>>> print(open('work-v2.json').read())   # JSON, C-alpha atoms and all ligand atoms
[["chain", "number", "residue", "atom", "x", "y", "z"],
["V", 131, "MET", "CA", -17.31, -28.93, 58.82],
["V", 132, "ASN", "CA", -17.70, -25.92, 56.58],
["V", 133, "SER", "CA", -14.54, -24.42, 55.09],
["V", 134, "THR", "CA", -16.26, -21.12, 54.26],
["V", 135, "ASN", "CA", -16.96, -20.63, 57.96],
["V", 136, "THR", "CA", -13.35, -21.45, 58.75],
["V", 137, "PHE", "CA", -12.30, -18.82, 56.24],
["V", 138, "LEU", "CA", -14.65, -16.22, 57.76],
["V", 139, "ILE", "CA", -13.46, -16.89, 61.30],
["V", 140, "ARG", "CA", -9.84, -16.61, 60.18],
["V", 141, "ARG", "CA", -10.63, -13.29, 58.52],
["V", 142, "SER", "CA", -12.27, -11.94, 61.73],
["V", 143, "PHE", "CA", -9.32, -13.24, 63.70],
["V", 144, "ASP", "CA", -6.84, -11.43, 61.43],
["V", 145, "ASP", "CA", -8.93, -8.27, 61.59],
["V", 146, "VAL", "CA", -9.04, -8.32, 65.39],
["V", 147, "ARG", "CA", -5.29, -9.00, 65.57],
["V", 148, "ARG", "CA", -4.71, -5.96, 63.39],
["V", 149, "ARG", "CA", -6.90, -3.79, 65.66],
["V", 150, "ILE", "CA", -5.00, -5.09, 68.69],
["V", 151, "ALA", "CA", -1.70, -4.18, 67.03],
["V", 152, "GLU", "CA", -2.99, -0.69, 66.18],
["V", 153, "ALA", "CA", -4.16, -0.08, 69.75],
["V", 154, "CYS", "CA", -0.78, -1.27, 71.03],
["V", 155, "ALA", "CA", 1.04, 1.03, 68.61],
["V", 156, "ARG", "CA", -0.92, 4.05, 69.88],
["V", 157, "VAL", "CA", 0.54, 3.59, 73.36],
["V", 158, "GLY", "CA", 3.95, 2.16, 72.50],
["V", 159, "ARG", "CA", 3.20, -1.43, 73.49],
["V", 160, "ALA", "CA", 4.25, -4.58, 71.64],
["V", 161, "PRO", "CA", 1.32, -6.60, 70.19],
["V", 162, "GLY", "CA", 2.80, -9.73, 71.76],
["V", 163, "GLU", "CA", 1.97, -8.33, 75.19],
["V", 164, "VAL", "CA", -1.75, -8.84, 74.55],
["V", 165, "ARG", "CA", -3.34, -12.27, 74.49],
["V", 166, "LEU", "CA", -6.58, -12.68, 72.58],
["V", 167, "LEU", "CA", -8.97, -15.01, 74.38],
["V", 168, "PRO", "CA", -11.79, -16.03, 72.01],
["V", 169, "VAL", "CA", -15.11, -16.17, 73.90],
["V", 170, "SER", "CA", -17.22, -19.00, 72.54],
["V", 171, "LYS", "CA", -20.35, -18.79, 74.70],
["V", 172, "THR", "CA", -23.52, -19.62, 72.72],
["V", 173, "VAL", "CA", -21.36, -20.65, 69.72],
["V", 174, "ALA", "CA", -22.21, -24.18, 68.62],
["V", 175, "THR", "CA", -19.65, -26.96, 68.99],
["V", 176, "GLU", "CA", -19.51, -27.48, 65.22],
["V", 177, "ARG", "CA", -18.46, -23.86, 64.70],
["V", 178, "LEU", "CA", -15.73, -24.33, 67.28],
["V", 179, "ARG", "CA", -14.31, -27.12, 65.11],
["V", 180, "GLU", "CA", -14.25, -24.59, 62.27],
["V", 181, "ALA", "CA", -12.61, -22.07, 64.59],
["V", 182, "PHE", "CA", -10.00, -24.66, 65.52],
["V", 183, "ALA", "CA", -9.33, -25.23, 61.83],
["V", 184, "ALA", "CA", -8.85, -21.44, 61.57],
["V", 185, "GLY", "CA", -6.14, -21.65, 64.25],
["V", 186, "LEU", "CA", -8.01, -20.95, 67.50],
["V", 187, "THR", "CA", -7.03, -23.32, 70.31],
["V", 188, "GLU", "CA", -8.25, -21.55, 73.41],
["V", 189, "PHE", "CA", -11.84, -20.69, 74.31],
["V", 190, "GLY", "CA", -13.47, -18.69, 77.08],
["V", 191, "GLU", "CA", -16.90, -19.65, 78.41],
["V", 192, "ASN", "CA", -18.92, -17.89, 81.09],
["V", 193, "LYS", "CA", -21.15, -20.83, 82.05],
["V", 194, "ILE", "CA", -19.47, -23.90, 83.44],
["V", 195, "GLN", "CA", -22.19, -26.30, 82.26],
["V", 196, "GLU", "CA", -21.83, -25.13, 78.66],
["V", 197, "ALA", "CA", -18.04, -25.27, 78.90],
["V", 198, "HIS", "CA", -18.15, -28.79, 80.30],
["V", 199, "THR", "CA", -20.44, -30.03, 77.54],
["V", 200, "LYS", "CA", -18.28, -28.48, 74.82],
["V", 201, "ALA", "CA", -15.05, -29.76, 76.36],
["V", 202, "GLU", "CA", -16.49, -33.29, 76.30],
["V", 203, "GLN", "CA", -17.74, -32.98, 72.72],
["V", 204, "LEU", "CA", -14.40, -31.57, 71.56],
["V", 205, "ALA", "CA", -12.18, -33.81, 73.66],
["V", 206, "ASP", "CA", -10.50, -35.06, 70.47],
["V", 207, "LEU", "CA", -8.99, -31.59, 69.84],
["V", 208, "PRO", "CA", -6.05, -30.08, 71.77],
["V", 209, "LEU", "CA", -8.04, -27.13, 73.19],
["V", 210, "SER", "CA", -7.75, -25.24, 76.43],
["V", 211, "TRP", "CA", -10.69, -23.75, 78.30],
["V", 212, "SER", "CA", -10.92, -20.59, 80.32],
["V", 213, "ILE", "CA", -13.90, -20.02, 82.61],
["V", 214, "ILE", "CA", -14.59, -16.28, 82.58],
["V", 215, "GLY", "CA", -17.90, -16.06, 84.46],
["V", 216, "HIS", "CA", -19.15, -16.44, 88.01],
["V", 217, "LEU", "CA", -18.82, -19.98, 89.34],
["V", 218, "GLN", "CA", -20.96, -21.48, 92.08],
["V", 219, "THR", "CA", -19.03, -23.41, 94.72],
["V", 220, "ASN", "CA", -21.01, -26.58, 94.00],
["V", 221, "LYS", "CA", -19.81, -26.49, 90.37],
["V", 222, "ALA", "CA", -16.11, -26.24, 91.26],
["V", 223, "LYS", "CA", -15.56, -29.88, 90.34],
["V", 224, "TYR", "CA", -16.40, -29.25, 86.67],
["V", 225, "ALA", "CA", -13.99, -26.34, 86.44],
["V", 226, "ALA", "CA", -11.28, -28.37, 88.17],
["V", 227, "ARG", "CA", -11.78, -31.12, 85.60],
["V", 228, "ILE", "CA", -11.74, -29.15, 82.35],
["V", 229, "ALA", "CA", -10.35, -25.63, 82.81],
["V", 230, "ARG", "CA", -6.80, -24.43, 82.43],
["V", 231, "GLU", "CA", -7.74, -20.97, 83.65],
["V", 232, "PHE", "CA", -10.42, -19.37, 85.81],
["V", 233, "GLN", "CA", -10.84, -15.62, 85.54],
["V", 234, "ALA", "CA", -13.62, -14.92, 88.03],
["V", 235, "LEU", "CA", -12.29, -15.85, 91.47],
["V", 236, "ASP", "CA", -14.08, -13.68, 94.02],
["V", 237, "SER", "CA", -14.41, -15.63, 97.28],
["V", 238, "LEU", "CA", -12.30, -17.72, 99.62],
["V", 239, "ARG", "CA", -15.08, -20.28, 99.80],
["V", 240, "LEU", "CA", -14.76, -20.83, 96.07],
["V", 241, "ALA", "CA", -10.95, -20.89, 96.29],
["V", 242, "ALA", "CA", -11.22, -23.65, 98.91],
["V", 243, "ALA", "CA", -13.70, -25.64, 96.82],
["V", 244, "LEU", "CA", -11.49, -25.37, 93.73],
["V", 245, "GLU", "CA", -8.39, -26.32, 95.71],
["V", 246, "ARG", "CA", -10.06, -29.46, 97.08],
["V", 247, "ARG", "CA", -11.28, -30.55, 93.64],
["V", 248, "LEU", "CA", -7.97, -29.76, 91.95],
["V", 249, "GLN", "CA", -6.12, -31.85, 94.50],
["V", 250, "ILE", "CA", -8.45, -34.76, 93.70],
["V", 251, "GLU", "CA", -7.88, -34.30, 89.97],
["V", 252, "GLY", "CA", -4.13, -33.79, 90.43],
["V", 253, "ARG", "CA", -4.31, -30.56, 88.44],
["V", 254, "GLY", "CA", -3.42, -26.89, 88.83],
["V", 255, "LEU", "CA", -5.39, -23.88, 87.65],
["V", 256, "ASP", "CA", -4.33, -20.40, 86.55],
["V", 257, "VAL", "CA", -6.59, -17.89, 88.28],
["V", 258, "LEU", "CA", -7.40, -14.23, 87.97],
["V", 259, "VAL", "CA", -9.21, -12.39, 90.74],
["V", 260, "GLN", "CA", -12.31, -10.59, 89.52],
["V", 261, "VAL", "CA", -12.63, -7.00, 90.68],
["V", 262, "ASN", "CA", -15.79, -4.90, 90.46],
["V", 263, "THR", "CA", -14.31, -1.65, 89.21],
["V", 264, "SER", "CA", -17.64, -0.10, 88.18],
["V", 265, "GLY", "CA", -19.34, -0.39, 91.56],
["V", 266, "GLU", "CA", -22.48, -1.73, 89.87],
["V", 267, "ALA", "CA", -24.50, -4.08, 92.08],
["V", 268, "SER", "CA", -25.26, -6.25, 89.03],
["V", 269, "LYS", "CA", -21.61, -7.19, 88.57],
["V", 270, "PHE", "CA", -19.63, -9.86, 90.36],
["V", 271, "GLY", "CA", -16.16, -9.32, 91.74],
["V", 272, "LEU", "CA", -14.47, -8.00, 94.85],
["V", 273, "ALA", "CA", -14.59, -4.36, 95.82],
["V", 274, "PRO", "CA", -11.21, -2.84, 94.95],
["V", 275, "ASP", "CA", -10.39, -2.05, 98.59],
["V", 276, "SER", "CA", -10.85, -5.68, 99.66],
["V", 277, "VAL", "CA", -8.49, -7.22, 97.11],
["V", 278, "ALA", "CA", -5.24, -6.75, 99.06],
["V", 279, "ALA", "CA", -6.50, -8.73, 102.07],
["V", 280, "PHE", "CA", -7.96, -11.38, 99.73],
["V", 281, "MET", "CA", -4.61, -11.80, 97.97],
["V", 282, "ARG", "CA", -2.86, -12.46, 101.26],
["V", 283, "GLU", "CA", -5.02, -15.57, 101.80],
["V", 284, "LEU", "CA", -4.36, -17.13, 98.39],
["V", 285, "PRO", "CA", -0.95, -18.75, 98.99],
["V", 286, "ALA", "CA", -2.80, -21.28, 101.19],
["V", 287, "PHE", "CA", -4.27, -22.78, 98.00],
["V", 288, "SER", "CA", -1.32, -24.44, 96.32],
["V", 289, "ALA", "CA", -3.20, -25.66, 93.23],
["V", 290, "LEU", "CA", -4.27, -22.11, 92.35],
["V", 291, "ARG", "CA", -1.64, -20.21, 90.37],
["V", 292, "VAL", "CA", -2.61, -16.57, 90.80],
["V", 293, "ARG", "CA", -1.79, -14.61, 87.63],
["V", 294, "GLY", "CA", -3.53, -11.27, 87.97],
["V", 295, "LEU", "CA", -6.85, -9.44, 87.89],
["V", 296, "MET", "CA", -9.96, -9.37, 85.71],
["V", 297, "THR", "CA", -12.74, -6.83, 85.34],
["V", 298, "LEU", "CA", -15.75, -5.85, 83.24],
["V", 299, "ALA", "CA", -16.28, -2.17, 82.49],
["V", 300, "VAL", "CA", -19.64, -0.43, 82.64],
["V", 301, "PHE", "CA", -21.68, -1.03, 79.51],
["V", 302, "GLU", "CA", -21.68, 2.57, 78.31],
["V", 303, "PRO", "CA", -19.86, 2.41, 75.00],
["V", 304, "GLY", "CA", -17.71, 5.39, 74.17],
["V", 305, "THR", "CA", -17.82, 6.99, 77.61],
["V", 306, "LEU", "CA", -14.99, 7.99, 79.91],
["V", 307, "ARG", "CA", -16.47, 5.72, 82.56],
["V", 308, "VAL", "CA", -15.40, 2.71, 80.51],
["V", 309, "ARG", "CA", -11.79, 3.87, 80.45],
["V", 310, "ALA", "CA", -11.97, 4.70, 84.18],
["V", 311, "CYS", "CA", -12.85, 1.06, 85.00],
["V", 312, "PHE", "CA", -9.80, -0.16, 83.10],
["V", 313, "SER", "CA", -7.37, 2.37, 84.53],
["V", 314, "ALA", "CA", -8.69, 1.59, 88.03],
["V", 315, "LEU", "CA", -7.77, -2.07, 87.54],
["V", 316, "ARG", "CA", -4.26, -1.20, 86.36],
["V", 317, "ILE", "CA", -3.68, 1.20, 89.26],
["V", 318, "LEU", "CA", -4.94, -1.40, 91.73],
["V", 319, "ARG", "CA", -2.60, -4.03, 90.23],
["V", 320, "ASP", "CA", 0.36, -1.67, 90.52],
["V", 321, "GLN", "CA", -0.48, -0.94, 94.17],
["V", 322, "LEU", "CA", -0.97, -4.62, 95.01],
["V", 323, "ARG", "CA", 2.43, -5.52, 93.61],
["V", 324, "ASP", "CA", 4.02, -3.89, 96.67],
["V", 325, "THR", "CA", 2.07, -5.95, 99.20],
["V", 326, "ALA", "CA", 1.15, -9.21, 97.47],
["V", 327, "PRO", "CA", 2.75, -12.43, 98.75],
["V", 328, "PRO", "CA", 5.69, -13.58, 96.60],
["V", 329, "THR", "CA", 3.83, -16.58, 95.19],
["V", 330, "VAL", "CA", 1.06, -14.35, 93.89],
["V", 331, "ALA", "CA", 1.89, -13.06, 90.40],
["V", 332, "LEU", "CA", 0.16, -9.91, 89.27],
["V", 333, "ASP", "CA", 1.19, -9.73, 85.64],
["V", 334, "GLU", "CA", -2.14, -10.23, 83.94],
["V", 335, "LEU", "CA", -4.90, -7.67, 83.46],
["V", 336, "SER", "CA", -7.88, -9.29, 81.73],
["V", 337, "MET", "CA", -10.07, -6.46, 80.55],
["V", 338, "GLY", "CA", -11.79, -5.48, 77.34],
["V", 339, "MET", "CA", -14.50, -7.15, 75.24],
["V", 340, "SER", "CA", -15.62, -6.68, 71.63],
["V", 341, "GLY", "CA", -17.00, -3.19, 72.25],
["V", 342, "ASP", "CA", -14.18, -1.75, 74.31],
["V", 343, "PHE", "CA", -11.00, -3.80, 73.88],
["V", 344, "GLU", "CA", -8.97, -1.08, 72.20],
["V", 345, "ILE", "CA", -9.50, 1.25, 75.17],
["V", 346, "ALA", "CA", -8.58, -1.60, 77.52],
["V", 347, "ILE", "CA", -5.33, -2.17, 75.61],
["V", 348, "GLU", "CA", -4.49, 1.52, 75.83],
["V", 349, "GLU", "CA", -4.99, 1.19, 79.61],
["V", 350, "GLY", "CA", -2.74, -1.85, 79.94],
["V", 351, "ALA", "CA", -4.79, -4.98, 79.23],
["V", 352, "THR", "CA", -2.71, -8.13, 78.78],
["V", 353, "VAL", "CA", -5.75, -10.32, 77.97],
["V", 354, "VAL", "CA", -8.77, -9.25, 75.92],
["V", 355, "ARG", "CA", -11.87, -11.47, 75.89],
["V", 356, "LEU", "CA", -13.56, -11.31, 72.50],
["V", 357, "GLY", "CA", -16.74, -13.06, 71.45],
["V", 358, "GLN", "CA", -18.83, -11.12, 68.97],
["V", 359, "ALA", "CA", -15.85, -9.53, 67.21],
["V", 360, "LEU", "CA", -14.80, -13.05, 66.20],
["V", 361, "PHE", "CA", -18.01, -15.03, 65.94],
["V", 362, "GLY", "CA", -20.58, -12.36, 65.04],
["V", 363, "PRO", "CA", -23.51, -11.07, 67.08],
["V", 364, "ARG", "CA", -25.10, -13.31, 69.68],
["V", 365, "PRO", "CA", -28.86, -13.90, 69.47],
["V", 366, "LEU", "CA", -30.51, -11.36, 71.78],
["V", 367, "SER", "CA", -32.86, -13.93, 73.29],
["V", 368, "GLY", "CA", -30.11, -16.41, 74.00],
["V", 369, "PRO", "CA", -27.95, -16.63, 77.10],
["V", 370, "VAL", "CA", -25.35, -13.91, 77.34],
["V", 401, "LIG", "C1", -19.44, -12.64, 76.90],
["V", 401, "LIG", "C2", -18.25, -12.18, 77.64],
["V", 401, "LIG", "C3", -17.19, -11.56, 76.97],
["V", 401, "LIG", "C4", -17.17, -11.32, 75.47],
["V", 401, "LIG", "O1", -18.13, -10.39, 75.10],
["V", 401, "LIG", "P1", -18.22, -9.92, 73.54],
["V", 401, "LIG", "O2", -19.02, -8.69, 73.60],
["V", 401, "LIG", "O3", -18.87, -11.03, 72.81],
["V", 401, "LIG", "O4", -16.83, -9.70, 73.09],
["V", 401, "LIG", "C5", -16.10, -11.17, 77.72],
["V", 401, "LIG", "N1", -16.05, -11.36, 79.04],
["V", 401, "LIG", "C6", -17.05, -11.96, 79.73],
["V", 401, "LIG", "C7", -16.92, -12.15, 81.19],
["V", 401, "LIG", "C8", -18.18, -12.39, 79.05],
["V", 401, "LIG", "O5", -19.19, -12.97, 79.73]]
>>> encode(input="work-v2.json", output="structure tokens")
Amino acid sequence: MNSTNTFLIRRSFDDVRRRIAEACARVGRAPGEVRLLPVSKTVATERLREAFAAGLTEFGENKIQEAHTKAEQLADLPLSWSIIGHLQTNKAKYAARIAREFQALDSLRLAAALERRLQIEGRGLDVLVQVNTSGEASKFGLAPDSVAAFMRELPAFSALRVRGLMTLAVFEPGTLRVRACFSALRILRDQLRDTAPPTVALDELSMGMSGDFEIAIEEGATVVRLGQALFGPRPLSGPV
């Protein structure tokens, strides 16, 4: 393990925390309302040990296979794993085994597969429902107008603890369309609160990545998912 790397990660972490606090201050929010989820996809296991030494204990991964491998290699550390990307039904067992949180729930078939596997493992899972607020065909997530009906089905899955919603904005840095995706998620959450079943909590809004997290915070994000702002740029040719 390299202590210089640990130092650098801690410095990025402090810097990001300061930017979170500044964004909160602009809109009169308390910094403690925003959770920073470090996204460790493509970051090597050894660097995650350095990140742990810098104080990071929670990691988000978008590919379940990569998350599973890292969770096994780092099983000696008290870490928790959040799956933030699309999950195929046939991989539900891996998520049920290692994840504390799943942020990309977007089908009842997947909810049923997770429920079955979680029952076998004797575990529960915090879940966020992914919403496609940009309307782009390339993005996963439910259409905003189908989320209310989807929510009504979720109490049937007792191992899934529904916490809120997640979205990805359009990738058009600096445009109003980015902000519109985030405000759409907040407005949808506020509307759903009136109709959601009592066991479905809608407190969390996971939105904002390295390029747009300050805007997301201004629009109400309670979780920001940050990879490159903490770990540096990802190789362009590698998986994203
Ligand atoms: C990769 C990823 C992030 C983090 O992106 P950065 O630009 O590295 O901050 C956030 N959310 C999801 C779903 C991702 O796949």
>>> atom_distance(input="work-v2.json", atom1="CA of Ile214 (chain V)", atom2="atom C5 of ligand LIG 401 (chain V)")
7.2 Å
>>> atom_distance(input="work-v2.json", atom1="CA of Gly185 (chain V)", atom2="CA of Pro168 (chain V)")
11.1 Å
>>> closest_atom_pairs(input="work-v2.json", of="chain V", to="ligand LIG 401 (chain V)", cutoff="7 Å", atoms="all atoms listed in the file", output="JSON lines")
{"residue": "V:Val169", "atom": "CA", "partner": "V:LIG401", "partner_atom": "C4", "distance": 5.5}
{"residue": "V:Lys171", "atom": "CA", "partner": "V:LIG401", "partner_atom": "C1", "distance": 6.6}
{"residue": "V:Asn192", "atom": "CA", "partner": "V:LIG401", "partner_atom": "O5", "distance": 5.1}
{"residue": "V:Ile214", "atom": "CA", "partner": "V:LIG401", "partner_atom": "C7", "distance": 4.9}
{"residue": "V:Gly215", "atom": "CA", "partner": "V:LIG401", "partner_atom": "C7", "distance": 5.2}
{"residue": "V:Leu298", "atom": "CA", "partner": "V:LIG401", "partner_atom": "C7", "distance": 6.7}
{"residue": "V:Met339", "atom": "CA", "partner": "V:LIG401", "partner_atom": "O4", "distance": 4.1}
{"residue": "V:Ser340", "atom": "CA", "partner": "V:LIG401", "partner_atom": "O4", "distance": 3.6}
{"residue": "V:Gly341", "atom": "CA", "partner": "V:LIG401", "partner_atom": "O2", "distance": 6.0}
{"residue": "V:Arg355", "atom": "CA", "partner": "V:LIG401", "partner_atom": "C5", "distance": 4.6}
{"residue": "V:Leu356", "atom": "CA", "partner": "V:LIG401", "partner_atom": "O4", "distance": 3.7}
{"residue": "V:Gly357", "atom": "CA", "partner": "V:LIG401", "partner_atom": "O3", "distance": 3.2}
{"residue": "V:Gln358", "atom": "CA", "partner": "V:LIG401", "partner_atom": "O3", "distance": 3.8}
{"residue": "V:Ala359", "atom": "CA", "partner": "V:LIG401", "partner_atom": "O4", "distance": 6.0}
{"residue": "V:Val370", "atom": "CA", "partner": "V:LIG401", "partner_atom": "C1", "distance": 6.1}
>>> atom_distance(input="work-v2.json", atom1="CA of Ile228 (chain V)", atom2="CA of Ala197 (chain V)")
8.2 Å
>>> residues_near_point(input="work-v2.json", point="(-10.3, -1.9, 72.6)", cutoff="10 Å", atoms="only C-alpha atoms", output="ChimeraX atom specification")
/V:146,149-150,152-154,309,337-349,351,354,356
>>> residues_around(input="work-v2.json", residues="region 271-286 of chain V", least_positions_apart="2", cutoff="9 Å", atoms="all atoms listed in the file", output="PyMOL selection string")
chain V and resi 216+234-238+241+259-263+265+269+288+290-292+296-297+314-315+318+321-322+325-330
>>> residues_around(input="work-v2.json", residues="region 198-202 of chain V", least_positions_apart="5", cutoff="8 Å", atoms="all atoms listed in the file", output="list in words")
Thr175, Trp211, Tyr224, Ala225 and Ile228 of chain V
>>> residues_around(input="work-v2.json", residues="Arg247 (chain V)", least_positions_apart="5", cutoff="8 Å", atoms="all atoms listed in the file", output="ChimeraX atom specification")
/V:222-223,226
>>> write_last_selection(input="work-v2.json", atoms="C-alpha atoms", output="PDB file, in the frame of the given file")
ATOM      1  CA  ALA V 222     -16.110 -26.240  91.260  1.00  0.00           C
ATOM      2  CA  LYS V 223     -15.560 -29.880  90.340  1.00  0.00           C
ATOM      3  CA  ALA V 226     -11.280 -28.370  88.170  1.00  0.00           C
TER       4      ALA V 226
END
>>> closest_residue(input="work-v2.json", among="V:Leu335, V:Ala242, V:Ile317, V:Val257", to="Arg165 (chain V)", atoms="only C-alpha atoms")
V:Leu335
>>> closest_residue(input="work-v2.json", among="V:Arg159, V:Arg177, V:Arg364, V:Arg147", to="Asn135 (chain V)", atoms="only C-alpha atoms")
V:Arg177
>>> residues_around(input="work-v2.json", residues="Ser133 (chain V)", least_positions_apart="5", cutoff="9 Å", atoms="only C-alpha atoms", output="ChimeraX atom specification")
/V:138,180,183
>>> residues_around(input="work-v2.json", residues="Phe361 (chain V)", least_positions_apart="6", cutoff="8 Å", atoms="all atoms listed in the file", output="NGL selection string")
:V and (139 or 142 or 170 or 173)
>>> closest_residue(input="work-v2.json", among="V:Ile250, V:Val164, V:Leu207, V:Ala174", to="Glu188 (chain V)", atoms="only C-alpha atoms")
V:Leu207
>>> closest_residue(input="work-v2.json", among="V:Val300, V:Ala267, V:Leu204, V:Leu166", to="Leu178 (chain V)", atoms="all atoms listed in the file")
V:Leu204
>>> build_atoms(input="work-v2.json", residues="region 340-356 of chain V", atoms="N, CA, C and O atoms", output="short mmCIF file (atom, residue, chain, number, x, y, z; two decimals), in the coordinates of the input")
data_model
loop_
_atom_site.label_atom_id
_atom_site.label_comp_id
_atom_site.auth_asym_id
_atom_site.auth_seq_id
_atom_site.Cartn_x
_atom_site.Cartn_y
_atom_site.Cartn_z
N SER V 340 -15.55 -7.12 73.04
CA SER V 340 -15.62 -6.68 71.63
C SER V 340 -15.84 -5.17 71.50
O SER V 340 -15.28 -4.54 70.61
N GLY V 341 -16.65 -4.60 72.39
CA GLY V 341 -17.00 -3.19 72.25
C GLY V 341 -15.99 -2.22 72.82
O GLY V 341 -16.10 -1.00 72.59
N ASP V 342 -15.05 -2.71 73.61
CA ASP V 342 -14.18 -1.75 74.31
C ASP V 342 -12.72 -2.21 74.44
O ASP V 342 -11.96 -1.64 75.21
N PHE V 343 -12.33 -3.22 73.64
CA PHE V 343 -11.00 -3.80 73.88
C PHE V 343 -9.84 -2.87 73.53
O PHE V 343 -8.77 -2.95 74.14
N GLU V 344 -10.08 -1.98 72.57
CA GLU V 344 -8.97 -1.08 72.20
C GLU V 344 -8.65 -0.10 73.34
O GLU V 344 -7.49 0.18 73.62
N ILE V 345 -9.71 0.36 74.01
CA ILE V 345 -9.50 1.25 75.17
C ILE V 345 -8.79 0.47 76.28
O ILE V 345 -7.86 0.97 76.92
N ALA V 346 -9.21 -0.78 76.48
CA ALA V 346 -8.58 -1.60 77.52
C ALA V 346 -7.09 -1.79 77.25
O ALA V 346 -6.26 -1.73 78.16
N ILE V 347 -6.76 -2.00 75.98
CA ILE V 347 -5.33 -2.17 75.61
C ILE V 347 -4.56 -0.89 75.89
O ILE V 347 -3.45 -0.92 76.43
N GLU V 348 -5.17 0.24 75.55
CA GLU V 348 -4.49 1.52 75.83
C GLU V 348 -4.25 1.69 77.33
O GLU V 348 -3.30 2.34 77.75
N GLU V 349 -5.12 1.07 78.15
CA GLU V 349 -4.99 1.19 79.61
C GLU V 349 -4.20 0.04 80.23
O GLU V 349 -4.11 -0.06 81.45
N GLY V 350 -3.66 -0.85 79.39
CA GLY V 350 -2.74 -1.85 79.94
C GLY V 350 -3.21 -3.29 79.92
O GLY V 350 -2.55 -4.15 80.51
N ALA V 351 -4.31 -3.59 79.27
CA ALA V 351 -4.79 -4.98 79.23
C ALA V 351 -3.71 -5.93 78.70
O ALA V 351 -3.01 -5.60 77.73
N THR V 352 -3.59 -7.09 79.32
CA THR V 352 -2.71 -8.13 78.78
C THR V 352 -3.53 -9.29 78.21
O THR V 352 -2.98 -10.16 77.54
N VAL V 353 -4.83 -9.33 78.52
CA VAL V 353 -5.75 -10.32 77.97
C VAL V 353 -7.02 -9.58 77.56
O VAL V 353 -7.56 -8.82 78.36
N VAL V 354 -7.46 -9.77 76.32
CA VAL V 354 -8.77 -9.25 75.92
C VAL V 354 -9.67 -10.44 75.60
O VAL V 354 -9.23 -11.42 75.01
N ARG V 355 -10.93 -10.35 76.02
CA ARG V 355 -11.87 -11.47 75.89
C ARG V 355 -12.88 -11.11 74.80
O ARG V 355 -13.74 -10.26 75.01
N LEU V 356 -12.76 -11.74 73.64
CA LEU V 356 -13.56 -11.31 72.50
C LEU V 356 -14.47 -12.42 71.97
O LEU V 356 -14.00 -13.48 71.56
#
